[in-house]
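Single-structure report; data block below.
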Amino acid sequence: MAHGLHHRHQYLPFESADKNKADTASAASLTSQNHLNVLDKAQRHHSATHNFSAKYVPLDTISTNFTTTESYSLDEIVYRSRSGGLLDVQHDMEALKQFDGQYWKSLFDSRVGNITWPYGSGVWSKKEWVLPEINSDDIVSAFEGNSNLFWAERFGQQVLGMHDLWVKHCGISHTGSFKDLGMTVLVSQVNRLRKMNRPLVGVGCASTGDTSASLSAYCAAANIPSIVFLPANKISMAQLVQPIANGAFVVSIDTNFDGCMKLIREVTAELPIYLPHSLNSLRLEGQKTAAIEILQQFDWQVPDWVIVPGGNLGNIYAFYKGFKMCQELGCVDRVPRLVCAQAANANPLYLHYKSGWSEFQPVKATSTFASAIQIGDPVSIDRAVFALKNANGIVEEATEEELMDAMALADSNGMFVCPHTGVALSALIKIRNSGIIGPTYRTVVVSTAHGLKFTQSKIDYHSKKIEDMTCQFANPPVQVKPDFGAVMDVLSKCLKKA
Ligand SMILES: *Cc1c(COP(=O)(O)O)cnc(C)c1O
């Protein structure tokens, strides 16, 4: 508590300065005065914390303790290390360690619900650990994060005999998926680079789902052109509508997803377009704040297990990194055990884990309702393996029937989750049944997208229209004639059942 008080005292001089300013600005409206004060405060705070810094380093310098002098400023446009490997954002931990765990916990807690730009965002409330050097003016935020940690009391008790089960709803967010947590960081950095007159004409991606939705929303908010390459006639309206509505330049190409990816790579070799794809480690800095937020929501107690659905495998690493940073900086004393959950139709990490981490083999992913994780050759495989080895982690898989049943069960217990969350929930059911997760373990399932983005899969399930699937928890509507007797008949039948 002493640290919290100390922290508030630091603000006092700014607050009185703001007051003087407000007194003289009598012509301005109350709203714009408040806005000025808020910006002023944020800027002063920024200059007080300027000694924190971060840079890109090759991921393998972290995972193997291999020393190299290779590093890049975050203001450089670079996606891979010299040897072609992944990069990671490395923070100046010595500078951060000048403050103890209690300081950071109090600081982050004091910013929850704060209206001071940009700290009301769950990502930017941890700005010093995310992008410490960016000017708050350059940040593009939709106040993402601070998402609901739902106590899945009924689901836990009825399905699993657990009373301490929680679902972290990362998809209750601006564009309906956790991708917003990373995109606010990436687009903010692009905004900064453009203001520094770096020659970036825009940001382009070949994703069809949540990444393009998030990218186009944040770019539109900052007036940065965004370009989305889509395979013609292979995309549903629901996936198309967000980038179209947000004014992205949508290019429809007569090829598949891989073809789009190849083309956008070729285009970026010729034109200064920034790539927000999964190679880019900036997004993971924002995504890792969801892990910090979970600890914060448990009053800094560490859960026993955290289960994350994985496709390109950046997010599982981001969660590890968030937990690990909290441990290294003294906020908590351990990291939770991690589970990465994959669809059986796109399970290269699961097979790699089952083989005892021997040679990694990409697979040919086949169609899954969990469409955002239908990836056979994940970009962040090295990140995921590193995270799982260091968090005593395990990998589990779910068939189409298992994931759809788990999703339907969760929904019938008061949630409304996406199929990816269904994958994570069925992984939990299996691990719980095997006895590895006991009935009293505090467990968090990460929900990655809003269920409303995936209504077609729920409609198919509840109308029992899915081939080779029983759809045992389907709850189709009952068709009745517009007649009092007929309505009473079906109601009394239904009430007898209950
Ligand atoms: C992107 C995405 C994932 C997969 O995250 P990775 O970092 O690629 O493993 C899972 N669920 C949803 C809804 C997504 O949009």
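Residue numbering restarts at 1 in every chain; chains get A, B, ... in the order shown in the structure tokens, and ligands count up from 1 in that same order.
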
Write down as a PyMOL selection string the residues of range 137-379 of chain A whose backbone DSSP state falls under helix (DSSP H, G or I). chain A and resi 137-138+153-160+179-195+210-221+237-245+257-270+282-287+289-297+314-328+344-346+348-354+371-373

Got a sec to check which residues lie within 10 Å of ligand 1, using only C-alpha atoms and all ligand atoms, and send them as a PyMOL selection string? chain A and resi 170-171+176-180+207+209-214+277-278+283-284+287+308-319+340-342+370-375+378-381+384+417-421+423-424+446-451+453-454

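Inside range 151-220 of chain A, the residues DSSP reads as strand (DSSP E) when given the backbone are Trp151, Leu165, Trp166, Val167, Lys168, His169, Gly202, Val203, Gly204 and Cys205 of chain A.
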
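Non-sequential neighbours of Met162 in chain A (distance at most 9 Å, separation of 6 or more positions within a chain, only C-alpha atoms) are Glu153, Phe155, Gly156, Gly438, Pro439, Thr440, Tyr441 and Arg442 of chain A.
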
Fewer than 6 positions away in the same chain doesn't count, so skip those; otherwise give me all residues within 7 Å of Val363 in chain A, counting only C-alpha atoms, as an MDAnalysis selection string. chainID A and resid 348 376:377

Give the answer as one residue: which of A:Tyr119, A:Phe386, A:Trp300, A:Tyr56 has the shortest atom-to-atom distance to Gly330 in chain A, using only C-alpha atoms? A:Trp300

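With CA of Thr68 in chain A on one side and CA of Ala95 in chain A on the other, the separation reads 20.5 Å.
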
With only C-alpha atoms as the atoms that count, which of A:Val444, A:Arg192, A:Asn197, A:Asn413 lies nearest to Val167 in chain A? A:Val444

What's the 7 Å shell around range 251-266 of chain A, counting only C-alpha atoms, without same-chain residues fewer than 3 positions away, as JSON, numbers by chain? {"A": [206, 228, 229, 230, 231, 232, 269]}

Written file, previous selection with C-alpha atoms, as a PDB file, in the first residue's frame:
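Listed below is the output, selection03.pdb:
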ATOM      1  CA  ALA A 206      -3.882 -11.741 -46.384  1.00  0.00           C
ATOM      2  CA  VAL A 228      -6.777  -6.864 -47.379  1.00  0.00           C
ATOM      3  CA  PHE A 229      -6.104  -9.640 -49.917  1.00  0.00           C
ATOM      4  CA  LEU A 230      -8.926 -12.174 -50.057  1.00  0.00           C
ATOM      5  CA  PRO A 231      -9.369 -15.337 -52.088  1.00  0.00           C
ATOM      6  CA  ALA A 232     -12.410 -14.740 -54.316  1.00  0.00           C
ATOM      7  CA  ALA A 269       8.964  -6.272 -51.831  1.00  0.00           C
TER       8      ALA A 269
END

Find the spatial neighbours of Glu397 in chain A, counting only C-alpha atoms, within a cut-off of 10 Å - ignore same-chain residues fewer than 5 positions away - and output them as a PDB file with N, CA and C atoms, in the first residue's frame.
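Result went into selection.pdb, see below:
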ATOM      1  N   PRO A 309      -6.528 -22.028 -26.983  1.00  0.00           N
ATOM      2  CA  PRO A 309      -6.587 -22.667 -28.299  1.00  0.00           C
ATOM      3  C   PRO A 309      -5.506 -22.095 -29.208  1.00  0.00           C
ATOM      4  N   CYS A 340      -1.987 -26.042 -24.581  1.00  0.00           N
ATOM      5  CA  CYS A 340      -2.367 -25.545 -25.894  1.00  0.00           C
ATOM      6  C   CYS A 340      -3.347 -26.551 -26.490  1.00  0.00           C
ATOM      7  N   ALA A 341      -4.505 -26.067 -26.937  1.00  0.00           N
ATOM      8  CA  ALA A 341      -5.558 -26.940 -27.458  1.00  0.00           C
ATOM      9  C   ALA A 341      -5.668 -26.755 -28.968  1.00  0.00           C
ATOM     10  N   GLN A 342      -5.617 -27.866 -29.708  1.00  0.00           N
ATOM     11  CA  GLN A 342      -5.694 -27.788 -31.171  1.00  0.00           C
ATOM     12  C   GLN A 342      -6.887 -28.572 -31.700  1.00  0.00           C
ATOM     13  N   ALA A 343      -7.367 -28.177 -32.868  1.00  0.00           N
ATOM     14  CA  ALA A 343      -8.378 -28.976 -33.565  1.00  0.00           C
ATOM     15  C   ALA A 343      -7.669 -30.202 -34.139  1.00  0.00           C
ATOM     16  N   ALA A 344      -8.294 -31.380 -34.025  1.00  0.00           N
ATOM     17  CA  ALA A 344      -7.662 -32.597 -34.545  1.00  0.00           C
ATOM     18  C   ALA A 344      -7.416 -32.491 -36.050  1.00  0.00           C
ATOM     19  N   ASN A 345      -8.204 -31.657 -36.738  1.00  0.00           N
ATOM     20  CA  ASN A 345      -8.011 -31.480 -38.178  1.00  0.00           C
ATOM     21  C   ASN A 345      -6.857 -30.547 -38.521  1.00  0.00           C
ATOM     22  N   ALA A 346      -6.229 -29.955 -37.502  1.00  0.00           N
ATOM     23  CA  ALA A 346      -5.099 -29.043 -37.736  1.00  0.00           C
ATOM     24  C   ALA A 346      -4.203 -29.119 -36.491  1.00  0.00           C
ATOM     25  N   ASN A 347      -3.515 -30.266 -36.347  1.00  0.00           N
ATOM     26  CA  ASN A 347      -2.894 -30.581 -35.052  1.00  0.00           C
ATOM     27  C   ASN A 347      -1.367 -30.790 -35.081  1.00  0.00           C
ATOM     28  N   LEU A 349       1.094 -29.251 -33.734  1.00  0.00           N
ATOM     29  CA  LEU A 349       1.748 -29.112 -32.426  1.00  0.00           C
ATOM     30  C   LEU A 349       1.430 -30.317 -31.544  1.00  0.00           C
ATOM     31  N   TYR A 350       0.194 -30.795 -31.627  1.00  0.00           N
ATOM     32  CA  TYR A 350      -0.196 -31.967 -30.845  1.00  0.00           C
ATOM     33  C   TYR A 350       0.664 -33.173 -31.231  1.00  0.00           C
ATOM     34  N   LEU A 351       0.842 -33.400 -32.536  1.00  0.00           N
ATOM     35  CA  LEU A 351       1.653 -34.531 -32.998  1.00  0.00           C
ATOM     36  C   LEU A 351       3.109 -34.365 -32.563  1.00  0.00           C
ATOM     37  N   GLU A 402     -16.347 -33.282 -30.813  1.00  0.00           N
ATOM     38  CA  GLU A 402     -16.025 -32.887 -29.433  1.00  0.00           C
ATOM     39  C   GLU A 402     -16.087 -31.374 -29.257  1.00  0.00           C
ATOM     40  N   LEU A 403     -15.529 -30.628 -30.204  1.00  0.00           N
ATOM     41  CA  LEU A 403     -15.481 -29.174 -30.019  1.00  0.00           C
ATOM     42  C   LEU A 403     -16.873 -28.557 -30.152  1.00  0.00           C
ATOM     43  N   VAL A 423     -12.826 -25.838 -28.648  1.00  0.00           N
ATOM     44  CA  VAL A 423     -11.612 -26.668 -28.680  1.00  0.00           C
ATOM     45  C   VAL A 423     -10.938 -26.658 -27.302  1.00  0.00           C
ATOM     46  N   ALA A 424     -10.817 -25.481 -26.720  1.00  0.00           N
ATOM     47  CA  ALA A 424     -10.164 -25.371 -25.405  1.00  0.00           C
ATOM     48  C   ALA A 424     -10.985 -26.079 -24.333  1.00  0.00           C
ATOM     49  N   SER A 426     -13.064 -28.615 -24.783  1.00  0.00           N
ATOM     50  CA  SER A 426     -13.008 -30.083 -24.867  1.00  0.00           C
ATOM     51  C   SER A 426     -11.637 -30.596 -24.444  1.00  0.00           C
ATOM     52  N   ALA A 427     -10.594 -29.823 -24.660  1.00  0.00           N
ATOM     53  CA  ALA A 427      -9.286 -30.217 -24.122  1.00  0.00           C
ATOM     54  C   ALA A 427      -9.364 -30.312 -22.600  1.00  0.00           C
ATOM     55  N   LEU A 428     -10.014 -29.334 -21.999  1.00  0.00           N
ATOM     56  CA  LEU A 428     -10.166 -29.362 -20.538  1.00  0.00           C
ATOM     57  C   LEU A 428     -10.930 -30.610 -20.091  1.00  0.00           C
ATOM     58  N   LYS A 430     -11.112 -33.493 -21.465  1.00  0.00           N
ATOM     59  CA  LYS A 430     -10.245 -34.676 -21.559  1.00  0.00           C
ATOM     60  C   LYS A 430      -9.201 -34.707 -20.446  1.00  0.00           C
TER      61      LYS A 430
END

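Between CA of Gln479 in chain A and CA of Arg154 in chain A lies a distance of 29.5 Å.
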
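If only C-alpha atoms are the atoms counted, then among A:Met237, A:Ile139, A:Phe52, A:Ala290 the closest residue to Ala221 in chain A is A:Ile139.
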
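Close contacts of Gly120 in chain A, defined as residues with an atom at most 7 Å away when counting only C-alpha atoms, with chain neighbours fewer than 6 positions off set aside, comprise Arg111, Val112, Gly113, Asn114 and Phe143 of chain A.
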
Convert the current residue selection to file output with C-alpha atoms, as a PDB file, in the first residue's frame.
ATOM      1  CA  ARG A 111      -5.256   2.316 -13.887  1.00  0.00           C
ATOM      2  CA  VAL A 112      -8.254  -0.025 -14.121  1.00  0.00           C
ATOM      3  CA  GLY A 113     -11.180   2.104 -15.266  1.00  0.00           C
ATOM      4  CA  ASN A 114      -8.928   5.167 -15.521  1.00  0.00           C
ATOM      5  CA  PHE A 143      -9.925   0.689 -24.999  1.00  0.00           C
TER       6      PHE A 143
END

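Minimum distance to Ser106 in chain A across A:Asp304, A:Asp299, A:Asp483, A:Asp405 (counting only C-alpha atoms) occurs at A:Asp299.
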